[in-house]
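Engineer: The structure file query_24.txt (compact mmCIF, C-alpha atoms) is provided below.
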```
# COMPACT_ATOMS: atom_id res chain seq x y z
CA MET A 1 75.30 -121.65 -67.99
CA THR A 2 73.30 -118.59 -68.94
CA THR A 3 70.20 -117.28 -67.31
CA ALA A 4 67.33 -115.71 -69.11
CA PRO A 5 66.92 -111.98 -68.54
CA VAL A 6 64.19 -111.00 -66.17
CA THR A 7 61.52 -109.09 -68.01
CA ALA A 8 59.01 -106.73 -66.54
CA SER A 9 56.24 -109.19 -67.25
CA ALA A 10 58.03 -111.86 -65.18
CA ILE A 11 58.00 -109.72 -62.05
CA PRO A 12 54.84 -110.45 -60.05
CA ALA A 13 52.62 -107.46 -59.55
CA PRO A 14 52.01 -106.34 -55.97
CA PRO A 15 48.71 -107.59 -54.57
CA SER A 16 45.94 -105.08 -54.99
CA LYS A 17 43.55 -104.23 -52.18
CA SER A 18 39.84 -104.37 -52.60
CA LEU A 19 37.69 -101.31 -52.07
CA GLN A 20 36.40 -102.82 -48.85
CA ALA A 21 39.98 -103.24 -47.54
CA TRP A 22 40.82 -99.64 -48.43
CA LEU A 23 37.71 -98.38 -46.65
CA LEU A 24 38.54 -100.45 -43.57
CA ASP A 25 42.11 -99.05 -43.48
CA LEU A 26 40.74 -95.54 -43.87
CA LEU A 27 38.30 -96.14 -41.04
CA ILE A 28 40.97 -97.51 -38.69
CA TRP A 29 43.71 -94.95 -39.35
CA GLY A 30 41.19 -92.13 -39.67
CA GLY A 31 39.83 -93.12 -36.28
CA VAL A 32 43.33 -93.07 -34.76
CA ALA A 33 43.95 -89.60 -36.23
CA ALA A 34 40.58 -88.37 -34.94
CA VAL A 35 41.33 -89.61 -31.41
CA LEU A 36 44.75 -87.92 -31.46
CA ILE A 37 43.24 -84.62 -32.54
CA TYR A 38 40.38 -84.90 -30.04
CA SER A 39 42.75 -85.65 -27.14
CA PHE A 40 45.17 -82.79 -27.93
CA ASP A 41 43.69 -80.54 -25.26
CA ALA A 42 42.95 -83.39 -22.86
CA VAL A 43 46.67 -84.17 -22.47
CA ASP A 44 47.56 -80.46 -22.22
CA LEU A 45 49.86 -80.43 -25.25
CA GLY A 46 48.92 -76.81 -25.82
CA ASN A 47 51.13 -75.85 -22.86
CA LEU A 48 54.38 -77.16 -24.34
CA SER A 49 55.52 -73.56 -24.38
CA ARG A 50 56.02 -73.83 -20.61
CA LEU A 51 59.25 -75.68 -21.32
CA VAL A 52 60.59 -72.36 -22.57
CA SER A 53 58.73 -69.95 -20.27
CA ASN A 54 59.89 -71.90 -17.19
CA SER A 55 63.41 -72.32 -18.48
CA ALA A 56 64.87 -70.87 -15.27
CA ASN A 57 63.46 -73.74 -13.21
CA PHE A 58 64.61 -76.23 -15.81
CA GLN A 59 68.08 -74.70 -15.72
CA ASN A 60 68.31 -75.03 -11.92
CA ILE A 61 67.29 -78.69 -12.12
CA THR A 62 69.75 -79.37 -14.93
CA GLU A 63 72.64 -77.74 -13.05
CA GLY A 64 71.97 -79.95 -10.04
CA LEU A 65 71.65 -83.11 -12.12
CA LEU A 66 74.94 -82.37 -13.89
CA ARG A 67 76.76 -82.20 -10.53
CA PRO A 68 76.04 -85.58 -8.88
CA ASP A 69 76.78 -85.72 -5.17
CA PHE A 70 78.07 -89.12 -4.04
CA SER A 71 78.77 -88.07 -0.44
CA ASP A 72 76.15 -90.62 0.74
CA TRP A 73 77.18 -93.31 -1.73
CA ARG A 74 77.19 -96.03 0.93
CA LEU A 75 73.52 -95.37 1.65
CA PHE A 76 72.68 -95.29 -2.05
CA VAL A 77 74.45 -98.60 -2.73
CA GLU A 78 72.90 -100.22 0.35
CA LYS A 79 69.39 -99.18 -0.66
CA MET A 80 69.98 -100.23 -4.28
CA TRP A 81 71.07 -103.65 -3.05
CA GLU A 82 67.87 -103.83 -0.99
CA THR A 83 65.90 -102.95 -4.12
CA ILE A 84 67.57 -105.77 -6.07
CA GLN A 85 66.77 -108.22 -3.26
CA ILE A 86 63.12 -107.12 -3.32
CA ALA A 87 62.99 -107.74 -7.08
CA LEU A 88 64.77 -111.09 -6.75
CA TRP A 89 62.47 -112.44 -4.05
CA GLY A 90 59.38 -111.05 -5.75
CA THR A 91 60.31 -112.76 -9.02
CA PHE A 92 61.28 -116.00 -7.25
CA LEU A 93 57.93 -116.27 -5.49
CA ALA A 94 56.06 -115.23 -8.64
CA VAL A 95 57.62 -118.11 -10.57
CA PHE A 96 56.27 -120.62 -8.06
CA LEU A 97 52.81 -119.09 -8.35
CA GLY A 98 53.03 -118.71 -12.12
CA ILE A 99 53.98 -122.32 -12.91
CA PRO A 100 50.77 -124.01 -11.62
CA MET A 101 48.65 -121.11 -12.90
CA GLY A 102 50.31 -121.30 -16.32
CA LEU A 103 49.71 -125.05 -16.55
CA ALA A 104 46.10 -124.68 -15.39
CA ALA A 105 45.50 -121.92 -17.98
CA ALA A 106 46.85 -123.91 -20.94
CA ARG A 107 43.94 -125.09 -23.10
CA ASN A 108 45.83 -128.11 -24.45
CA ILE A 109 46.37 -129.76 -21.06
CA ALA A 110 43.64 -128.41 -18.73
CA PRO A 111 39.83 -128.63 -19.02
CA ILE A 112 37.96 -125.48 -19.95
CA TRP A 113 36.22 -125.27 -16.56
CA VAL A 114 39.68 -124.87 -15.00
CA VAL A 115 41.22 -122.72 -17.75
CA GLN A 116 38.64 -119.93 -17.72
CA PRO A 117 38.65 -119.10 -13.97
CA VAL A 118 42.45 -119.21 -13.89
CA ARG A 119 42.64 -116.84 -16.86
CA TRP A 120 40.27 -114.45 -15.09
CA LEU A 121 42.57 -114.53 -12.06
CA MET A 122 45.60 -113.90 -14.28
CA ASN A 123 43.89 -110.92 -15.89
CA LEU A 124 43.00 -109.52 -12.47
CA LEU A 125 46.58 -109.78 -11.18
CA ARG A 126 48.03 -108.23 -14.34
CA SER A 127 45.52 -105.40 -14.58
CA ILE A 128 46.05 -104.00 -11.07
CA PRO A 129 49.20 -101.79 -11.03
CA ASP A 130 51.90 -102.96 -8.64
CA LEU A 131 51.81 -99.52 -6.99
CA VAL A 132 48.18 -100.12 -5.97
CA ILE A 133 48.98 -103.61 -4.70
CA GLY A 134 51.99 -102.19 -2.87
CA LEU A 135 49.82 -99.58 -1.13
CA LEU A 136 47.44 -102.31 0.03
CA PHE A 137 50.30 -104.37 1.45
CA VAL A 138 51.82 -101.31 3.13
CA VAL A 139 48.54 -100.97 5.03
CA VAL A 140 48.48 -104.70 5.88
CA VAL A 141 52.13 -105.46 6.74
CA GLY A 142 53.45 -101.94 7.31
CA LEU A 143 56.25 -99.96 5.70
CA GLY A 144 59.29 -101.87 4.51
CA PRO A 145 60.57 -104.23 1.82
CA LEU A 146 58.04 -107.01 2.57
CA ALA A 147 55.25 -104.92 1.03
CA GLY A 148 57.38 -104.47 -2.09
CA VAL A 149 58.13 -108.19 -2.35
CA LEU A 150 54.46 -109.13 -2.07
CA ALA A 151 53.36 -106.48 -4.58
CA ILE A 152 55.89 -107.65 -7.16
CA THR A 153 54.99 -111.28 -6.48
CA LEU A 154 51.29 -110.90 -7.28
CA ASN A 155 51.70 -108.62 -10.30
CA THR A 156 54.52 -110.69 -11.80
CA ALA A 157 52.69 -113.97 -11.13
CA GLY A 158 49.86 -112.81 -13.39
CA VAL A 159 52.27 -111.83 -16.16
CA LEU A 160 54.37 -115.00 -15.94
CA ALA A 161 51.31 -117.25 -15.77
CA LYS A 162 50.10 -115.83 -19.08
CA LEU A 163 53.52 -116.24 -20.72
CA PHE A 164 53.93 -119.74 -19.28
CA SER A 165 50.49 -120.84 -20.53
CA GLU A 166 51.18 -119.54 -24.04
CA ALA A 167 54.47 -121.45 -24.10
CA VAL A 168 52.67 -124.64 -23.05
CA GLU A 169 50.02 -124.19 -25.74
CA SER A 170 52.72 -124.02 -28.44
CA ILE A 171 54.59 -127.22 -27.50
CA ASP A 172 55.14 -130.19 -29.78
CA LYS A 173 52.50 -132.84 -29.05
CA GLY A 174 54.83 -135.72 -30.00
CA PRO A 175 56.69 -136.08 -26.68
CA VAL A 176 53.45 -135.80 -24.71
CA GLU A 177 51.79 -138.50 -26.81
CA GLY A 178 54.88 -140.68 -26.43
CA VAL A 179 54.69 -140.46 -22.64
CA ARG A 180 50.93 -141.10 -22.79
CA ALA A 181 51.51 -144.22 -24.90
CA THR A 182 53.46 -145.79 -22.04
CA GLY A 183 50.35 -145.62 -19.86
CA ALA A 184 51.67 -142.77 -17.73
CA SER A 185 49.39 -140.54 -15.69
CA LYS A 186 48.54 -136.91 -16.52
CA LEU A 187 51.13 -135.73 -14.02
CA HIS A 188 53.83 -137.78 -15.74
CA GLU A 189 52.80 -136.32 -19.10
CA ILE A 190 53.38 -132.83 -17.72
CA VAL A 191 56.64 -133.67 -15.96
CA TRP A 192 58.24 -135.64 -18.81
CA GLY A 193 56.44 -134.34 -21.90
CA VAL A 194 55.68 -130.67 -21.21
CA ILE A 195 58.20 -129.28 -18.72
CA PRO A 196 61.37 -130.28 -20.67
CA GLN A 197 60.05 -128.41 -23.73
CA VAL A 198 59.12 -125.18 -21.99
CA ALA A 199 61.71 -124.98 -19.19
CA PRO A 200 64.29 -122.91 -21.17
CA LEU A 201 61.63 -120.48 -22.37
CA TRP A 202 60.11 -120.22 -18.91
CA THR A 203 63.53 -119.42 -17.45
CA SER A 204 64.05 -116.74 -20.09
CA PHE A 205 60.68 -115.18 -19.23
CA ALA A 206 61.54 -115.21 -15.52
CA LEU A 207 64.90 -113.54 -16.11
CA TYR A 208 63.30 -110.86 -18.23
CA ARG A 209 60.72 -110.15 -15.53
CA PHE A 210 63.52 -109.91 -12.97
CA GLU A 211 65.06 -107.15 -15.09
CA SER A 212 61.74 -105.31 -15.20
CA ASN A 213 61.11 -105.85 -11.49
CA SER A 214 64.46 -104.29 -10.64
CA ARG A 215 63.09 -101.06 -12.08
CA SER A 216 59.60 -101.54 -10.61
CA ALA A 217 61.04 -102.09 -7.12
CA THR A 218 62.68 -98.66 -7.36
CA VAL A 219 59.29 -97.04 -7.95
CA LEU A 220 57.68 -99.04 -5.14
CA GLY A 221 60.06 -97.34 -2.72
CA LEU A 222 58.15 -94.12 -3.31
CA ILE A 223 55.18 -95.51 -1.35
CA GLY A 224 57.34 -96.80 1.50
CA ALA A 225 57.79 -100.35 0.19
CA GLY A 226 61.53 -100.37 0.79
CA GLY A 227 64.51 -99.88 -1.47
CA ILE A 228 66.18 -96.86 -2.97
CA GLY A 229 62.92 -95.29 -4.12
CA GLN A 230 62.25 -93.84 -0.66
CA VAL A 231 65.68 -92.17 -0.60
CA LEU A 232 65.06 -90.81 -4.10
CA PHE A 233 61.67 -89.44 -3.04
CA ASP A 234 63.16 -87.75 0.03
CA GLN A 235 65.90 -86.08 -2.01
CA MET A 236 63.39 -84.90 -4.60
CA ASN A 237 61.23 -83.33 -1.89
CA ALA A 238 64.33 -81.60 -0.51
CA PHE A 239 65.16 -80.26 -4.01
CA ASN A 240 68.59 -81.87 -3.65
CA TYR A 241 69.03 -82.56 -7.34
CA SER A 242 72.73 -83.35 -7.00
CA ALA A 243 71.86 -86.30 -4.74
CA VAL A 244 69.02 -87.25 -7.09
CA SER A 245 71.54 -87.37 -9.94
CA ALA A 246 73.82 -89.66 -7.93
CA ILE A 247 70.92 -91.98 -7.08
CA VAL A 248 69.83 -92.15 -10.72
CA ILE A 249 73.39 -93.04 -11.75
CA VAL A 250 73.48 -95.84 -9.16
CA VAL A 251 70.14 -97.17 -10.41
CA VAL A 252 71.21 -97.03 -14.07
CA VAL A 253 74.49 -98.84 -13.36
CA ALA A 254 72.75 -101.54 -11.31
CA VAL A 255 69.98 -102.14 -13.86
CA THR A 256 72.49 -102.21 -16.72
CA LEU A 257 74.59 -104.85 -14.94
CA ILE A 258 71.45 -106.90 -14.26
CA ASP A 259 70.45 -106.65 -17.93
CA LEU A 260 73.89 -107.80 -19.10
CA LEU A 261 73.91 -110.73 -16.67
CA SER A 262 70.38 -111.72 -17.67
CA GLN A 263 71.21 -111.58 -21.38
CA ALA A 264 74.26 -113.81 -20.85
CA MET A 265 72.17 -116.33 -18.92
CA ARG A 266 69.40 -116.37 -21.54
CA LYS A 267 71.92 -116.99 -24.34
CA ARG A 268 73.16 -120.08 -22.52
CA LEU A 269 69.61 -121.37 -22.08
CA LEU A 270 68.23 -120.88 -25.61
```
Could you take the file, read its structure, and then write that structure out as structure tokens?
Structural biologist:
Amino acid sequence: MTTAPVTASAIPAPPSKSLQAWLLDLLIWGGVAAVLIYSFDAVDLGNLSRLVSNSANFQNITEGLLRPDFSDWRLFVEKMWETIQIALWGTFLAVFLGIPMGLAAARNIAPIWVVQPVRWLMNLLRSIPDLVIGLLFVVVVGLGPLAGVLAITLNTAGVLAKLFSEAVESIDKGPVEGVRATGASKLHEIVWGVIPQVAPLWTSFALYRFESNSRSATVLGLIGAGGIGQVLFDQMNAFNYSAVSAIVIVVVVAVTLIDLLSQAMRKRLL
């Protein structure tokens, strides 16, 4: 069996853009370039030379970071474990807030008068940085891990609710209509037609947020919300860069192990 040679005329020509499309591209990318140029001084990029002029300070920091001091390794591990527990509980509580919010924000199963207010609430929770929420809870409940748990809970609930609602909106309508055909109630449609379709994806989203929260909980320690962040902040203020290096290594190892465990769990779910 022989095949006919492919001639140049048989190769489809690339689609050509209209003048209007070219002008729109020029406007968009030209605008991006203009903003970058305009903001050059605003972000202080003109002082990049300080990296060289202050090389002595950079050298002192580097020497300390290259000589990690694990003399207080028990404290570092204990505080890292506390950080992981903060992230775990924050994510766990956020899932229970995110599930009803995600269902209420899905346009294909909830009325618009419910969807819109819930989406506004989701946007509010996601737009406020967890550091700001953490500071508010530190004032309310005092210093300690509880403030970190509550801050992660609210911020993560807004993120998960959005992801959960988008997963619900992309489901196959067949199973839902099949449950509805039996005369089941709206609640039964959700339990038997919606949840089985989105449960693996929801679990994957929750595991991913737990990974992210393990890093966020470290930062929350800087404001007194528990965990290893407070120890890191204290060592930075004391210019003890060898201890800082050891803490960073502990954090990197812990987060890497969490990432590997989460990836293995997601592979079994999807």
Engineer: Each residue of range 80-102 of chain A lying at most 10 Å from range 208-230 of chain A should get a row with its shortest atom-to-atom pair and the distance in Å to one decimal, counting all atoms listed in the file; could you produce that, ordered by chain and increasing number, as CSV?
Structural biologist:
```
residue,atom,partner,partner_atom,distance
A:Met80,CA,A:Ile228,CA,5.2
A:Trp81,CA,A:Gly227,CA,7.7
A:Glu82,CA,A:Gly227,CA,5.2
A:Thr83,CA,A:Gly227,CA,4.3
A:Ile84,CA,A:Ser214,CA,5.7
A:Gln85,CA,A:Ser214,CA,8.7
A:Ile86,CA,A:Ala217,CA,6.6
A:Ala87,CA,A:Asn213,CA,5.2
A:Leu88,CA,A:Phe210,CA,6.5
A:Trp89,CA,A:Phe210,CA,9.3
A:Gly90,CA,A:Asn213,CA,7.9
A:Thr91,CA,A:Phe210,CA,5.8
A:Phe92,CA,A:Phe210,CA,8.7
A:Ala94,CA,A:Arg209,CA,9.7
A:Val95,CA,A:Arg209,CA,9.9
```
Engineer: For a test of reading the model, state the distance in Å between CA of Asp69 in chain A and CA of Ser245 in chain A, rounded to one decimal.
Structural biologist: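 CA of Ser245 in chain A lies at a distance of 7.3 Å from CA of Asp69 in chain A.
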Engineer: How many Å lie between CA of Thr182 in chain A and CA of Asn108 in chain A, rounded to one decimal?
Structural biologist: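 Computing the Euclidean distance for CA of Thr182 in chain A and CA of Asn108 in chain A yields 19.4 Å.
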Engineer: Would you compute the distance between CA of Glu177 in chain A and CA of Ala157 in chain A? Give it in Å to one decimal.
Structural biologist: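 Separation of CA of Glu177 in chain A and CA of Ala157 in chain A: 29.1 Å.
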Engineer: Could you give me, as a ChimeraX atom specification, the residues within 12 Å of Thr203 in chain A, counting all atoms listed in the file and dropping anything in the same chain fewer than 6 positions from it?
Structural biologist: /A:91-92,95-96,98-99,160,163-164,167,195-197,209-210,262-263,265-270
Engineer: With distances taken over all atoms listed in the file, which of A:Leu27, A:Val118, A:Val132, A:Leu66 is nearest to Val248 in chain A?
Structural biologist: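 Under the stated criterion, the closest residue is A:Leu66.
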Engineer: Just the residues within 10 Å of Val194 in chain A, please, counting all atoms listed in the file, with nothing from its chain fewer than 2 positions along; format it as an MDAnalysis selection string.
Structural biologist: chainID A and resid 103 109 167:169 171:173 175:176 179 187:192 196:199
Engineer: Of the residues A:Leu260, A:Val252, A:Val159, A:Ala151, which is the one nearest to Phe205 in chain A, using all atoms listed in the file?
Structural biologist: A:Val159
Engineer: Rank nothing, just name the residue among A:Ser170, A:Ser49, A:Ser127, A:Gln20 nearest to Leu154 in chain A, using only C-alpha atoms.
Structural biologist: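 Checking each candidate against Leu154 in chain A, we get A:Ser127 as the closest.
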Engineer: Nearest to Leu121 in chain A: which of A:Gly148, A:Gly158, A:Pro100, A:Gly46 is it, counting all atoms listed in the file?
Structural biologist: A:Gly158
Engineer: Of the residues A:Leu75, A:Ile28, A:Leu45, A:Ala238, which is the one nearest to Val250 in chain A, using only C-alpha atoms?
Structural biologist: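 Residue with the minimum atom-to-atom distance to Val250 in chain A: A:Leu75.
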Engineer: Just give me the residues with any atom within 12 Å of (73.0, -82.9, -13.9), file coordinates, counting all atoms listed in the file, written as a list in words.
Structural biologist: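 Residues with an atom close enough to that point: Phe58, Gln59, Asn60, Ile61, Thr62, Glu63, Gly64, Leu65, Leu66, Arg67, Pro68, Asp69, Asn240, Tyr241, Ser242, Ala243, Val244, Ser245, Ala246, Ile247, Val248 and Ile249 of chain A.
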